[in-house]
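Pasted below: input_17.cif, mmCIF, N, CA, C and O atoms.
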```
data_target
loop_
_atom_site.label_atom_id
_atom_site.label_comp_id
_atom_site.auth_asym_id
_atom_site.auth_seq_id
_atom_site.Cartn_x
_atom_site.Cartn_y
_atom_site.Cartn_z
N MET A 1 154.70 154.33 -8.68
CA MET A 1 154.27 155.48 -9.47
C MET A 1 152.77 155.68 -9.27
O MET A 1 152.02 154.73 -9.19
N ILE A 2 152.36 156.91 -9.23
CA ILE A 2 150.97 157.30 -9.09
C ILE A 2 150.47 157.80 -10.44
O ILE A 2 151.21 158.48 -11.15
N HIS A 3 149.22 157.50 -10.77
CA HIS A 3 148.64 157.94 -12.04
C HIS A 3 147.40 158.78 -11.76
O HIS A 3 146.50 158.34 -11.03
N LEU A 4 147.35 159.99 -12.33
CA LEU A 4 146.17 160.85 -12.23
C LEU A 4 145.47 160.87 -13.59
O LEU A 4 146.13 161.06 -14.61
N SER A 5 144.15 160.70 -13.58
CA SER A 5 143.42 160.89 -14.83
C SER A 5 143.38 162.38 -15.13
O SER A 5 143.65 163.22 -14.25
N GLN A 6 143.04 162.71 -16.36
CA GLN A 6 142.93 164.13 -16.73
C GLN A 6 141.86 164.81 -15.88
O GLN A 6 142.03 165.95 -15.46
N ALA A 7 140.76 164.10 -15.60
CA ALA A 7 139.69 164.67 -14.78
C ALA A 7 140.18 164.95 -13.36
O ALA A 7 139.86 165.99 -12.77
N ALA A 8 140.97 164.03 -12.78
CA ALA A 8 141.50 164.23 -11.43
C ALA A 8 142.47 165.40 -11.41
O ALA A 8 142.41 166.25 -10.51
N ALA A 9 143.35 165.47 -12.39
CA ALA A 9 144.31 166.58 -12.46
C ALA A 9 143.59 167.91 -12.60
O ALA A 9 143.96 168.90 -11.96
N SER A 10 142.55 167.95 -13.42
CA SER A 10 141.79 169.19 -13.61
C SER A 10 141.10 169.62 -12.32
O SER A 10 141.11 170.81 -11.97
N GLU A 11 140.52 168.66 -11.61
CA GLU A 11 139.81 169.00 -10.37
C GLU A 11 140.79 169.45 -9.29
O GLU A 11 140.53 170.41 -8.56
N ILE A 12 141.93 168.78 -9.18
CA ILE A 12 142.95 169.21 -8.22
C ILE A 12 143.41 170.62 -8.56
O ILE A 12 143.54 171.48 -7.68
N GLY A 13 143.65 170.88 -9.84
CA GLY A 13 144.06 172.22 -10.28
C GLY A 13 143.01 173.27 -9.95
O GLY A 13 143.34 174.38 -9.53
N ARG A 14 141.73 172.90 -10.13
CA ARG A 14 140.64 173.84 -9.84
C ARG A 14 140.60 174.17 -8.35
O ARG A 14 140.52 175.34 -7.96
N ILE A 15 140.70 173.15 -7.52
CA ILE A 15 140.68 173.36 -6.07
C ILE A 15 141.93 174.13 -5.62
O ILE A 15 141.85 175.04 -4.80
N LYS A 16 143.07 173.78 -6.20
CA LYS A 16 144.33 174.44 -5.84
C LYS A 16 144.28 175.92 -6.18
O LYS A 16 144.85 176.74 -5.46
N SER A 17 143.60 176.29 -7.26
CA SER A 17 143.53 177.70 -7.66
C SER A 17 142.80 178.56 -6.64
O SER A 17 142.95 179.77 -6.63
N LYS A 18 142.04 177.92 -5.75
CA LYS A 18 141.32 178.65 -4.71
C LYS A 18 142.11 178.73 -3.41
O LYS A 18 141.65 179.30 -2.43
N GLN A 19 143.31 178.10 -3.40
CA GLN A 19 144.16 178.11 -2.22
C GLN A 19 145.14 179.28 -2.31
O GLN A 19 145.21 179.98 -3.30
N GLN A 20 145.95 179.44 -1.27
CA GLN A 20 147.00 180.46 -1.30
C GLN A 20 148.04 180.08 -2.35
O GLN A 20 148.19 178.90 -2.67
N PRO A 21 148.74 181.05 -2.90
CA PRO A 21 149.75 180.76 -3.93
C PRO A 21 150.84 179.81 -3.42
O PRO A 21 151.16 179.79 -2.24
N ASN A 22 151.36 179.04 -4.34
CA ASN A 22 152.51 178.16 -4.10
C ASN A 22 152.25 177.03 -3.11
O ASN A 22 153.19 176.53 -2.48
N VAL A 23 151.00 176.61 -2.94
CA VAL A 23 150.74 175.44 -2.10
C VAL A 23 150.96 174.17 -2.92
O VAL A 23 150.88 174.18 -4.14
N LEU A 24 151.24 173.10 -2.21
CA LEU A 24 151.49 171.81 -2.82
C LEU A 24 150.35 170.86 -2.49
O LEU A 24 149.81 170.89 -1.38
N PHE A 25 149.99 170.02 -3.43
CA PHE A 25 148.95 169.01 -3.20
C PHE A 25 149.60 167.81 -2.51
O PHE A 25 150.56 167.25 -3.01
N ARG A 26 149.08 167.46 -1.34
CA ARG A 26 149.63 166.35 -0.56
C ARG A 26 148.63 165.20 -0.55
O ARG A 26 147.45 165.37 -0.27
N LEU A 27 149.13 164.00 -0.88
CA LEU A 27 148.33 162.78 -0.84
C LEU A 27 148.96 161.87 0.19
O LEU A 27 150.18 161.63 0.17
N ALA A 28 148.15 161.35 1.11
CA ALA A 28 148.66 160.51 2.18
C ALA A 28 147.70 159.37 2.47
O ALA A 28 146.53 159.41 2.06
N VAL A 29 148.19 158.39 3.17
CA VAL A 29 147.38 157.29 3.67
C VAL A 29 147.43 157.37 5.18
O VAL A 29 148.50 157.53 5.77
N LYS A 30 146.26 157.28 5.81
CA LYS A 30 146.19 157.35 7.28
C LYS A 30 145.37 156.18 7.80
O LYS A 30 144.48 155.70 7.10
N PRO A 31 145.65 155.74 9.02
CA PRO A 31 144.85 154.67 9.60
C PRO A 31 143.43 155.16 9.89
O PRO A 31 143.24 156.30 10.31
N GLY A 32 142.46 154.30 9.64
CA GLY A 32 141.07 154.63 9.93
C GLY A 32 140.15 154.21 8.80
O GLY A 32 140.54 153.47 7.90
N GLY A 33 138.95 154.71 8.84
CA GLY A 33 137.97 154.35 7.82
C GLY A 33 137.38 152.98 8.07
O GLY A 33 137.74 152.29 9.03
N CYS A 34 136.50 152.56 7.22
CA CYS A 34 135.80 151.28 7.38
C CYS A 34 136.71 150.07 7.21
O CYS A 34 136.47 149.03 7.81
N SER A 35 137.75 150.20 6.40
CA SER A 35 138.57 149.04 6.03
C SER A 35 139.98 149.06 6.59
O SER A 35 140.77 148.17 6.31
N GLY A 36 140.34 150.07 7.36
CA GLY A 36 141.66 150.08 7.98
C GLY A 36 142.52 151.28 7.63
O GLY A 36 143.25 151.78 8.46
N PHE A 37 142.46 151.74 6.37
CA PHE A 37 143.22 152.90 5.92
C PHE A 37 142.32 153.77 5.06
O PHE A 37 141.38 153.28 4.43
N PHE A 38 142.62 155.07 5.02
CA PHE A 38 141.90 155.95 4.12
C PHE A 38 142.85 156.91 3.44
O PHE A 38 143.96 157.16 3.93
N TYR A 39 142.42 157.43 2.29
CA TYR A 39 143.21 158.39 1.53
C TYR A 39 142.94 159.78 2.08
O TYR A 39 141.79 160.15 2.30
N ASP A 40 143.99 160.54 2.30
CA ASP A 40 143.88 161.89 2.83
C ASP A 40 144.50 162.85 1.82
O ASP A 40 145.66 162.67 1.43
N MET A 41 143.74 163.84 1.40
CA MET A 41 144.23 164.85 0.46
C MET A 41 144.18 166.20 1.14
O MET A 41 143.20 166.53 1.80
N SER A 42 145.26 166.97 0.98
CA SER A 42 145.34 168.29 1.59
C SER A 42 146.30 169.15 0.79
O SER A 42 146.93 168.68 -0.16
N PHE A 43 146.40 170.40 1.19
CA PHE A 43 147.38 171.30 0.60
C PHE A 43 148.37 171.70 1.69
O PHE A 43 148.00 171.86 2.85
N ASP A 44 149.62 171.82 1.30
CA ASP A 44 150.69 172.07 2.27
C ASP A 44 151.64 173.10 1.66
O ASP A 44 151.83 173.14 0.46
N LYS A 45 152.25 173.89 2.53
CA LYS A 45 153.20 174.91 2.06
C LYS A 45 154.63 174.41 2.04
O LYS A 45 155.49 175.03 1.43
N ALA A 46 154.91 173.29 2.72
CA ALA A 46 156.29 172.86 2.87
C ALA A 46 156.47 171.40 2.48
O ALA A 46 155.58 170.58 2.65
N ILE A 47 157.66 171.10 2.00
CA ILE A 47 158.07 169.73 1.73
C ILE A 47 158.89 169.28 2.92
O ILE A 47 159.84 169.95 3.32
N LYS A 48 158.53 168.13 3.48
CA LYS A 48 159.25 167.61 4.64
C LYS A 48 160.40 166.71 4.19
O LYS A 48 160.48 166.31 3.03
N VAL A 49 161.26 166.36 5.12
CA VAL A 49 162.48 165.62 4.82
C VAL A 49 162.20 164.30 4.10
O VAL A 49 162.88 163.95 3.14
N ASP A 50 161.21 163.53 4.53
CA ASP A 50 160.97 162.21 3.94
C ASP A 50 159.97 162.23 2.78
O ASP A 50 159.54 161.18 2.32
N ASP A 51 159.60 163.40 2.30
CA ASP A 51 158.63 163.51 1.20
C ASP A 51 159.25 163.21 -0.16
O ASP A 51 160.42 163.49 -0.39
N GLN A 52 158.42 162.67 -1.02
CA GLN A 52 158.76 162.51 -2.44
C GLN A 52 157.82 163.45 -3.20
O GLN A 52 156.65 163.57 -2.85
N VAL A 53 158.34 164.10 -4.23
CA VAL A 53 157.54 165.02 -5.03
C VAL A 53 157.46 164.46 -6.45
O VAL A 53 158.49 164.13 -7.05
N PHE A 54 156.24 164.33 -6.96
CA PHE A 54 156.00 163.84 -8.30
C PHE A 54 155.32 164.93 -9.11
O PHE A 54 154.42 165.60 -8.61
N ASN A 55 155.75 165.11 -10.34
CA ASN A 55 155.08 166.04 -11.25
C ASN A 55 154.18 165.22 -12.16
O ASN A 55 154.65 164.54 -13.06
N LEU A 56 152.88 165.29 -11.90
CA LEU A 56 151.90 164.50 -12.64
C LEU A 56 150.90 165.43 -13.30
O LEU A 56 150.16 166.13 -12.62
N ASP A 57 150.89 165.44 -14.62
CA ASP A 57 149.94 166.27 -15.37
C ASP A 57 149.93 167.71 -14.87
O ASP A 57 148.88 168.27 -14.59
N GLU A 58 151.12 168.28 -14.70
CA GLU A 58 151.30 169.66 -14.27
C GLU A 58 150.86 169.91 -12.83
O GLU A 58 150.70 171.04 -12.41
N ILE A 59 150.67 168.84 -12.07
CA ILE A 59 150.33 168.95 -10.65
C ILE A 59 151.49 168.36 -9.87
O ILE A 59 151.92 167.24 -10.13
N GLN A 60 152.02 169.13 -8.92
CA GLN A 60 153.03 168.58 -8.02
C GLN A 60 152.32 167.85 -6.90
O GLN A 60 151.53 168.44 -6.17
N VAL A 61 152.58 166.54 -6.79
CA VAL A 61 151.98 165.71 -5.76
C VAL A 61 153.07 165.35 -4.76
O VAL A 61 154.10 164.80 -5.14
N VAL A 62 152.83 165.67 -3.49
CA VAL A 62 153.77 165.38 -2.42
C VAL A 62 153.24 164.20 -1.62
O VAL A 62 152.08 164.19 -1.21
N ILE A 63 154.12 163.20 -1.43
CA ILE A 63 153.73 161.99 -0.69
C ILE A 63 154.84 161.66 0.30
O ILE A 63 156.01 161.60 -0.07
N ASP A 64 154.47 161.42 1.54
CA ASP A 64 155.47 161.04 2.54
C ASP A 64 155.91 159.59 2.31
O ASP A 64 155.20 158.81 1.66
N ALA A 65 157.07 159.24 2.80
CA ALA A 65 157.67 157.93 2.54
C ALA A 65 156.79 156.78 3.01
O ALA A 65 156.68 155.75 2.32
N THR A 66 156.16 156.90 4.15
CA THR A 66 155.31 155.83 4.66
C THR A 66 154.10 155.63 3.76
O THR A 66 153.77 154.50 3.38
N SER A 67 153.45 156.70 3.37
CA SER A 67 152.27 156.60 2.50
C SER A 67 152.63 156.05 1.12
O SER A 67 151.86 155.31 0.52
N LEU A 68 153.81 156.40 0.65
CA LEU A 68 154.22 155.98 -0.69
C LEU A 68 154.19 154.47 -0.83
O LEU A 68 153.79 153.95 -1.88
N SER A 69 154.57 153.75 0.21
CA SER A 69 154.56 152.29 0.13
C SER A 69 153.15 151.73 -0.05
O SER A 69 152.98 150.65 -0.60
N TYR A 70 152.13 152.46 0.39
CA TYR A 70 150.74 152.04 0.23
C TYR A 70 150.13 152.51 -1.10
O TYR A 70 149.06 152.06 -1.49
N LEU A 71 150.78 153.47 -1.74
CA LEU A 71 150.20 154.12 -2.92
C LEU A 71 150.83 153.72 -4.24
O LEU A 71 150.38 154.17 -5.29
N ASN A 72 151.85 152.88 -4.22
CA ASN A 72 152.51 152.51 -5.46
C ASN A 72 151.53 151.84 -6.42
O ASN A 72 150.90 150.85 -6.08
N GLY A 73 151.39 152.40 -7.59
CA GLY A 73 150.47 151.88 -8.60
C GLY A 73 149.07 152.47 -8.54
O GLY A 73 148.20 152.12 -9.34
N LEU A 74 148.82 153.38 -7.59
CA LEU A 74 147.49 153.98 -7.43
C LEU A 74 147.06 154.72 -8.68
O LEU A 74 147.85 155.45 -9.29
N ARG A 75 145.82 154.54 -9.07
CA ARG A 75 145.19 155.32 -10.14
C ARG A 75 144.09 156.15 -9.49
O ARG A 75 143.23 155.62 -8.80
N MET A 76 144.17 157.44 -9.71
CA MET A 76 143.22 158.38 -9.10
C MET A 76 142.43 159.05 -10.20
O MET A 76 142.98 159.55 -11.18
N ASP A 77 141.10 159.04 -10.06
CA ASP A 77 140.20 159.62 -11.04
C ASP A 77 139.23 160.55 -10.31
O ASP A 77 139.13 160.54 -9.09
N TYR A 78 138.53 161.35 -11.08
CA TYR A 78 137.49 162.23 -10.53
C TYR A 78 136.30 162.11 -11.45
O TYR A 78 136.43 162.11 -12.68
N SER A 79 135.12 161.98 -10.86
CA SER A 79 133.91 161.94 -11.67
C SER A 79 132.75 162.54 -10.88
O SER A 79 132.80 162.65 -9.66
N GLU A 80 131.75 162.94 -11.63
CA GLU A 80 130.54 163.50 -11.03
C GLU A 80 129.36 162.62 -11.38
O GLU A 80 129.29 162.07 -12.48
N ASP A 81 128.44 162.50 -10.43
CA ASP A 81 127.21 161.77 -10.67
C ASP A 81 126.07 162.52 -9.98
O ASP A 81 126.25 163.67 -9.57
N LEU A 82 124.93 161.90 -9.85
CA LEU A 82 123.78 162.59 -9.25
C LEU A 82 124.01 162.98 -7.79
O LEU A 82 123.37 163.89 -7.29
N MET A 83 124.93 162.30 -7.13
CA MET A 83 125.22 162.59 -5.72
C MET A 83 126.30 163.67 -5.57
O MET A 83 126.63 164.06 -4.47
N GLY A 84 126.86 164.14 -6.68
CA GLY A 84 127.93 165.13 -6.63
C GLY A 84 129.22 164.56 -7.18
O GLY A 84 129.25 163.47 -7.73
N GLY A 85 130.29 165.30 -7.02
CA GLY A 85 131.58 164.87 -7.54
C GLY A 85 132.44 164.24 -6.46
O GLY A 85 132.24 164.49 -5.27
N GLY A 86 133.38 163.44 -6.90
CA GLY A 86 134.29 162.84 -5.94
C GLY A 86 135.46 162.17 -6.61
O GLY A 86 135.40 161.80 -7.79
N PHE A 87 136.53 162.01 -5.85
CA PHE A 87 137.70 161.31 -6.34
C PHE A 87 137.48 159.82 -6.16
O PHE A 87 136.87 159.38 -5.19
N ARG A 88 137.98 159.06 -7.12
CA ARG A 88 137.87 157.60 -7.10
C ARG A 88 139.29 157.04 -7.11
O ARG A 88 140.16 157.55 -7.82
N PHE A 89 139.51 156.00 -6.33
CA PHE A 89 140.84 155.42 -6.18
C PHE A 89 140.83 153.96 -6.60
O PHE A 89 139.96 153.21 -6.17
N GLN A 90 141.79 153.59 -7.42
CA GLN A 90 142.00 152.19 -7.78
C GLN A 90 143.42 151.84 -7.35
O GLN A 90 144.39 152.29 -7.95
N ASN A 91 143.50 151.07 -6.28
CA ASN A 91 144.79 150.74 -5.69
C ASN A 91 145.06 149.25 -5.88
O ASN A 91 144.36 148.42 -5.31
N PRO A 92 146.08 148.90 -6.67
CA PRO A 92 146.35 147.48 -6.90
C PRO A 92 146.81 146.74 -5.65
O PRO A 92 146.77 145.51 -5.61
N GLN A 93 147.21 147.46 -4.62
CA GLN A 93 147.64 146.83 -3.38
C GLN A 93 146.48 146.51 -2.44
O GLN A 93 146.62 145.75 -1.50
N ALA A 94 145.32 147.12 -2.69
CA ALA A 94 144.16 146.92 -1.81
C ALA A 94 143.57 145.53 -2.01
O ALA A 94 143.32 145.11 -3.15
N ILE A 95 143.34 144.83 -0.91
CA ILE A 95 142.67 143.53 -1.01
C ILE A 95 141.18 143.67 -0.73
O ILE A 95 140.41 142.79 -1.05
N ALA A 96 140.79 144.81 -0.16
CA ALA A 96 139.38 145.09 0.09
C ALA A 96 139.18 146.60 0.17
O ALA A 96 140.09 147.33 0.59
N THR A 97 138.02 147.06 -0.26
CA THR A 97 137.65 148.47 -0.13
C THR A 97 136.25 148.54 0.45
O THR A 97 135.46 147.61 0.32
N CYS A 98 135.94 149.66 1.07
CA CYS A 98 134.59 149.83 1.59
C CYS A 98 133.70 150.36 0.48
O CYS A 98 134.17 150.70 -0.61
N GLY A 99 132.43 150.48 0.74
CA GLY A 99 131.47 150.94 -0.27
C GLY A 99 131.74 152.33 -0.80
O GLY A 99 131.49 152.62 -1.96
N CYS A 100 132.30 153.21 0.03
CA CYS A 100 132.56 154.57 -0.43
C CYS A 100 133.79 154.64 -1.33
O CYS A 100 133.97 155.61 -2.06
N GLY A 101 134.65 153.62 -1.28
CA GLY A 101 135.85 153.59 -2.12
C GLY A 101 137.01 154.40 -1.58
O GLY A 101 138.07 154.43 -2.19
N ASN A 102 136.84 155.08 -0.45
CA ASN A 102 137.91 155.90 0.11
C ASN A 102 138.66 155.19 1.23
O ASN A 102 139.64 155.72 1.75
N SER A 103 138.22 154.03 1.61
CA SER A 103 138.86 153.28 2.67
C SER A 103 139.24 151.91 2.10
O SER A 103 138.52 151.35 1.29
N PHE A 104 140.39 151.40 2.52
CA PHE A 104 140.86 150.14 1.97
C PHE A 104 141.67 149.36 2.98
O PHE A 104 142.10 149.90 4.02
N SER A 105 141.91 148.11 2.70
CA SER A 105 142.81 147.30 3.52
C SER A 105 143.79 146.60 2.59
O SER A 105 143.52 146.40 1.42
N ILE A 106 144.94 146.28 3.15
CA ILE A 106 145.99 145.60 2.40
C ILE A 106 146.52 144.45 3.25
O ILE A 106 146.24 144.39 4.45
N THR A 107 147.31 143.58 2.64
CA THR A 107 147.97 142.56 3.42
C THR A 107 149.04 143.24 4.25
O THR A 107 149.56 144.28 3.87
N SER A 108 149.38 142.68 5.37
CA SER A 108 150.39 143.30 6.22
C SER A 108 151.74 143.30 5.51
O SER A 108 152.09 142.35 4.83
N GLN A 109 152.48 144.40 5.66
CA GLN A 109 153.77 144.53 4.99
C GLN A 109 154.90 144.14 5.89
O GLN A 109 154.93 144.32 7.01
#
```

Spit out the file's structure as structure tokens when you get a sec.
Amino acid sequence: MIHLSQAAASEIGRIKSKQQPNVLFRLAVKPGGCSGFFYDMSFDKAIKVDDQVFNLDEIQVVIDATSLSYLNGLRMDYSEDLMGGGFRFQNPQAIATCGCGNSFSITSQ
């Protein structure tokens, strides 16, 4: 299960309102970044065959089956500081994260 803070849900909703109608918020994990994997957020018009759709705080979150195994238990927040705003990720599966917090590594599955 994925958890969105109210701040994260509000920010996703704000960004989504600037997109074309009926787009879906997609959250994925991709190889790369400082620690091996990074979180990828995008908007998509279609649900693919292996996707799971979650309704979280009035936001439909689409996650592909491969990414879902890396995201189970993820807590996603949004906050602003002097450097600007950004999403923050707390992943219980991560054994290490880089300084930016957007890249992580896990034990091999």

Q. So which one's closest to Ala46 in chain A, A:Phe25, A:Ile59, A:Ser67, A:Pro31? Using only C-alpha atoms, please.
A.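 Smallest distance to Ala46 in chain A is found for A:Phe25.
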
Q.
Just the number, please: distance in Å from atom O of Ser42 in chain A to atom N of Phe104 in chain A, one decimal.
A.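 Distance between the two atoms: 18.7 Å.
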
Q.
Just to confirm, what's the straight-line distance from atom C of Ile63 in chain A to atom O of Leu27 in chain A in Å (one decimal)?
A.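 According to the coordinates, atom C of Ile63 in chain A and atom O of Leu27 in chain A are separated by 4.7 Å.
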
Q.
Residue by residue, what does the PyMOL selection byres (((chain A and resi 15-19 and name CA) around 12) and name CA) grab here? Present the result as a ChimeraX atom specification.
A. /A:8-14,20-26,41-45,58-61

(Q) Between atom N of Gln6 in chain A and CA of Ala28 in chain A, what is the distance in Å, rounded to a tenth? (A) 19.5 Å

Q) Which of range 9-76 of chain A counts as alpha helix (DSSP H) under DSSP, as an NGL selection string please? A) :A and (9-16 or 65-71)

Q. Of the candidates A:Met83, A:Lys30, A:Gln52, A:Gln90, which shows the shortest atom-to-atom distance to Leu4 in chain A, using only C-alpha atoms?
A. A:Gln90

Mind checking DSSP for range 4-100 of chain A and telling me the strand (DSSP E) residues as a short mmCIF file (atom, residue, chain, number, x, y, z; two decimals) with N, CA, C and O atoms, in the frame of the given file?
```cif
data_model
loop_
_atom_site.label_atom_id
_atom_site.label_comp_id
_atom_site.auth_asym_id
_atom_site.auth_seq_id
_atom_site.Cartn_x
_atom_site.Cartn_y
_atom_site.Cartn_z
N LEU A 4 147.35 159.99 -12.33
CA LEU A 4 146.17 160.85 -12.23
C LEU A 4 145.47 160.87 -13.59
O LEU A 4 146.13 161.06 -14.61
N LEU A 24 151.24 173.10 -2.21
CA LEU A 24 151.49 171.81 -2.82
C LEU A 24 150.35 170.86 -2.49
O LEU A 24 149.81 170.89 -1.38
N PHE A 25 149.99 170.02 -3.43
CA PHE A 25 148.95 169.01 -3.20
C PHE A 25 149.60 167.81 -2.51
O PHE A 25 150.56 167.25 -3.01
N ARG A 26 149.08 167.46 -1.34
CA ARG A 26 149.63 166.35 -0.56
C ARG A 26 148.63 165.20 -0.55
O ARG A 26 147.45 165.37 -0.27
N LEU A 27 149.13 164.00 -0.88
CA LEU A 27 148.33 162.78 -0.84
C LEU A 27 148.96 161.87 0.19
O LEU A 27 150.18 161.63 0.17
N ALA A 28 148.15 161.35 1.11
CA ALA A 28 148.66 160.51 2.18
C ALA A 28 147.70 159.37 2.47
O ALA A 28 146.53 159.41 2.06
N VAL A 29 148.19 158.39 3.17
CA VAL A 29 147.38 157.29 3.67
C VAL A 29 147.43 157.37 5.18
O VAL A 29 148.50 157.53 5.77
N LYS A 30 146.26 157.28 5.81
CA LYS A 30 146.19 157.35 7.28
C LYS A 30 145.37 156.18 7.80
O LYS A 30 144.48 155.70 7.10
N PRO A 31 145.65 155.74 9.02
CA PRO A 31 144.85 154.67 9.60
C PRO A 31 143.43 155.16 9.89
O PRO A 31 143.24 156.30 10.31
N GLY A 32 142.46 154.30 9.64
CA GLY A 32 141.07 154.63 9.93
C GLY A 32 140.15 154.21 8.80
O GLY A 32 140.54 153.47 7.90
N GLY A 36 140.34 150.07 7.36
CA GLY A 36 141.66 150.08 7.98
C GLY A 36 142.52 151.28 7.63
O GLY A 36 143.25 151.78 8.46
N PHE A 37 142.46 151.74 6.37
CA PHE A 37 143.22 152.90 5.92
C PHE A 37 142.32 153.77 5.06
O PHE A 37 141.38 153.28 4.43
N PHE A 38 142.62 155.07 5.02
CA PHE A 38 141.90 155.95 4.12
C PHE A 38 142.85 156.91 3.44
O PHE A 38 143.96 157.16 3.93
N TYR A 39 142.42 157.43 2.29
CA TYR A 39 143.21 158.39 1.53
C TYR A 39 142.94 159.78 2.08
O TYR A 39 141.79 160.15 2.30
N ASP A 40 143.99 160.54 2.30
CA ASP A 40 143.88 161.89 2.83
C ASP A 40 144.50 162.85 1.82
O ASP A 40 145.66 162.67 1.43
N MET A 41 143.74 163.84 1.40
CA MET A 41 144.23 164.85 0.46
C MET A 41 144.18 166.20 1.14
O MET A 41 143.20 166.53 1.80
N SER A 42 145.26 166.97 0.98
CA SER A 42 145.34 168.29 1.59
C SER A 42 146.30 169.15 0.79
O SER A 42 146.93 168.68 -0.16
N PHE A 43 146.40 170.40 1.19
CA PHE A 43 147.38 171.30 0.60
C PHE A 43 148.37 171.70 1.69
O PHE A 43 148.00 171.86 2.85
N ASP A 44 149.62 171.82 1.30
CA ASP A 44 150.69 172.07 2.27
C ASP A 44 151.64 173.10 1.66
O ASP A 44 151.83 173.14 0.46
N ASP A 51 159.60 163.40 2.30
CA ASP A 51 158.63 163.51 1.20
C ASP A 51 159.25 163.21 -0.16
O ASP A 51 160.42 163.49 -0.39
N GLN A 52 158.42 162.67 -1.02
CA GLN A 52 158.76 162.51 -2.44
C GLN A 52 157.82 163.45 -3.20
O GLN A 52 156.65 163.57 -2.85
N VAL A 53 158.34 164.10 -4.23
CA VAL A 53 157.54 165.02 -5.03
C VAL A 53 157.46 164.46 -6.45
O VAL A 53 158.49 164.13 -7.05
N PHE A 54 156.24 164.33 -6.96
CA PHE A 54 156.00 163.84 -8.30
C PHE A 54 155.32 164.93 -9.11
O PHE A 54 154.42 165.60 -8.61
N ASN A 55 155.75 165.11 -10.34
CA ASN A 55 155.08 166.04 -11.25
C ASN A 55 154.18 165.22 -12.16
O ASN A 55 154.65 164.54 -13.06
N LEU A 56 152.88 165.29 -11.90
CA LEU A 56 151.90 164.50 -12.64
C LEU A 56 150.90 165.43 -13.30
O LEU A 56 150.16 166.13 -12.62
N ILE A 59 150.67 168.84 -12.07
CA ILE A 59 150.33 168.95 -10.65
C ILE A 59 151.49 168.36 -9.87
O ILE A 59 151.92 167.24 -10.13
N GLN A 60 152.02 169.13 -8.92
CA GLN A 60 153.03 168.58 -8.02
C GLN A 60 152.32 167.85 -6.90
O GLN A 60 151.53 168.44 -6.17
N VAL A 61 152.58 166.54 -6.79
CA VAL A 61 151.98 165.71 -5.76
C VAL A 61 153.07 165.35 -4.76
O VAL A 61 154.10 164.80 -5.14
N VAL A 62 152.83 165.67 -3.49
CA VAL A 62 153.77 165.38 -2.42
C VAL A 62 153.24 164.20 -1.62
O VAL A 62 152.08 164.19 -1.21
N ILE A 63 154.12 163.20 -1.43
CA ILE A 63 153.73 161.99 -0.69
C ILE A 63 154.84 161.66 0.30
O ILE A 63 156.01 161.60 -0.07
N ASP A 64 154.47 161.42 1.54
CA ASP A 64 155.47 161.04 2.54
C ASP A 64 155.91 159.59 2.31
O ASP A 64 155.20 158.81 1.66
N ARG A 75 145.82 154.54 -9.07
CA ARG A 75 145.19 155.32 -10.14
C ARG A 75 144.09 156.15 -9.49
O ARG A 75 143.23 155.62 -8.80
N MET A 76 144.17 157.44 -9.71
CA MET A 76 143.22 158.38 -9.10
C MET A 76 142.43 159.05 -10.20
O MET A 76 142.98 159.55 -11.18
N ASP A 77 141.10 159.04 -10.06
CA ASP A 77 140.20 159.62 -11.04
C ASP A 77 139.23 160.55 -10.31
O ASP A 77 139.13 160.54 -9.09
N TYR A 78 138.53 161.35 -11.08
CA TYR A 78 137.49 162.23 -10.53
C TYR A 78 136.30 162.11 -11.45
O TYR A 78 136.43 162.11 -12.68
N SER A 79 135.12 161.98 -10.86
CA SER A 79 133.91 161.94 -11.67
C SER A 79 132.75 162.54 -10.88
O SER A 79 132.80 162.65 -9.66
N GLU A 80 131.75 162.94 -11.63
CA GLU A 80 130.54 163.50 -11.03
C GLU A 80 129.36 162.62 -11.38
O GLU A 80 129.29 162.07 -12.48
N ASP A 81 128.44 162.50 -10.43
CA ASP A 81 127.21 161.77 -10.67
C ASP A 81 126.07 162.52 -9.98
O ASP A 81 126.25 163.67 -9.57
N GLY A 84 126.86 164.14 -6.68
CA GLY A 84 127.93 165.13 -6.63
C GLY A 84 129.22 164.56 -7.18
O GLY A 84 129.25 163.47 -7.73
N GLY A 85 130.29 165.30 -7.02
CA GLY A 85 131.58 164.87 -7.54
C GLY A 85 132.44 164.24 -6.46
O GLY A 85 132.24 164.49 -5.27
N GLY A 86 133.38 163.44 -6.90
CA GLY A 86 134.29 162.84 -5.94
C GLY A 86 135.46 162.17 -6.61
O GLY A 86 135.40 161.80 -7.79
N PHE A 87 136.53 162.01 -5.85
CA PHE A 87 137.70 161.31 -6.34
C PHE A 87 137.48 159.82 -6.16
O PHE A 87 136.87 159.38 -5.19
N ARG A 88 137.98 159.06 -7.12
CA ARG A 88 137.87 157.60 -7.10
C ARG A 88 139.29 157.04 -7.11
O ARG A 88 140.16 157.55 -7.82
N PHE A 89 139.51 156.00 -6.33
CA PHE A 89 140.84 155.42 -6.18
C PHE A 89 140.83 153.96 -6.60
O PHE A 89 139.96 153.21 -6.17
N GLN A 90 141.79 153.59 -7.42
CA GLN A 90 142.00 152.19 -7.78
C GLN A 90 143.42 151.84 -7.35
O GLN A 90 144.39 152.29 -7.95
N ALA A 96 140.79 144.81 -0.16
CA ALA A 96 139.38 145.09 0.09
C ALA A 96 139.18 146.60 0.17
O ALA A 96 140.09 147.33 0.59
N THR A 97 138.02 147.06 -0.26
CA THR A 97 137.65 148.47 -0.13
C THR A 97 136.25 148.54 0.45
O THR A 97 135.46 147.61 0.32
#
```

Q: Do a neighbour search on Asn72 in chain A at 10 Å with only C-alpha atoms, toss out local chain neighbours closer than 4 positions, and write the hits as a ChimeraX atom specification.
A: /A:1-3,67-68,91-93

Q.
Counting only C-alpha atoms, which residue out of A:Gly86, A:Val62, A:Lys48, A:Ala94 sits closest to Leu74 in chain A?
A. A:Ala94

**Q.** Minimum-distance residue to Ile106 in chain A, chosen among A:Ser69, A:Glu80, A:Ile47, A:Asp64 (using only C-alpha atoms)
**A.**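 Using only C-alpha atoms, Ile106 in chain A sits closest to A:Ser69.
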
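Using only C-alpha atoms, the protein and nucleic acid residues lying no more than 9 Å from Phe89 in chain A, apart from those fewer than 2 places from it along its own chain, are Tyr39, Leu74, Arg75, Met76, Asp77, Tyr78, Phe87, Asn91, Gly101 and Asn102 of chain A.
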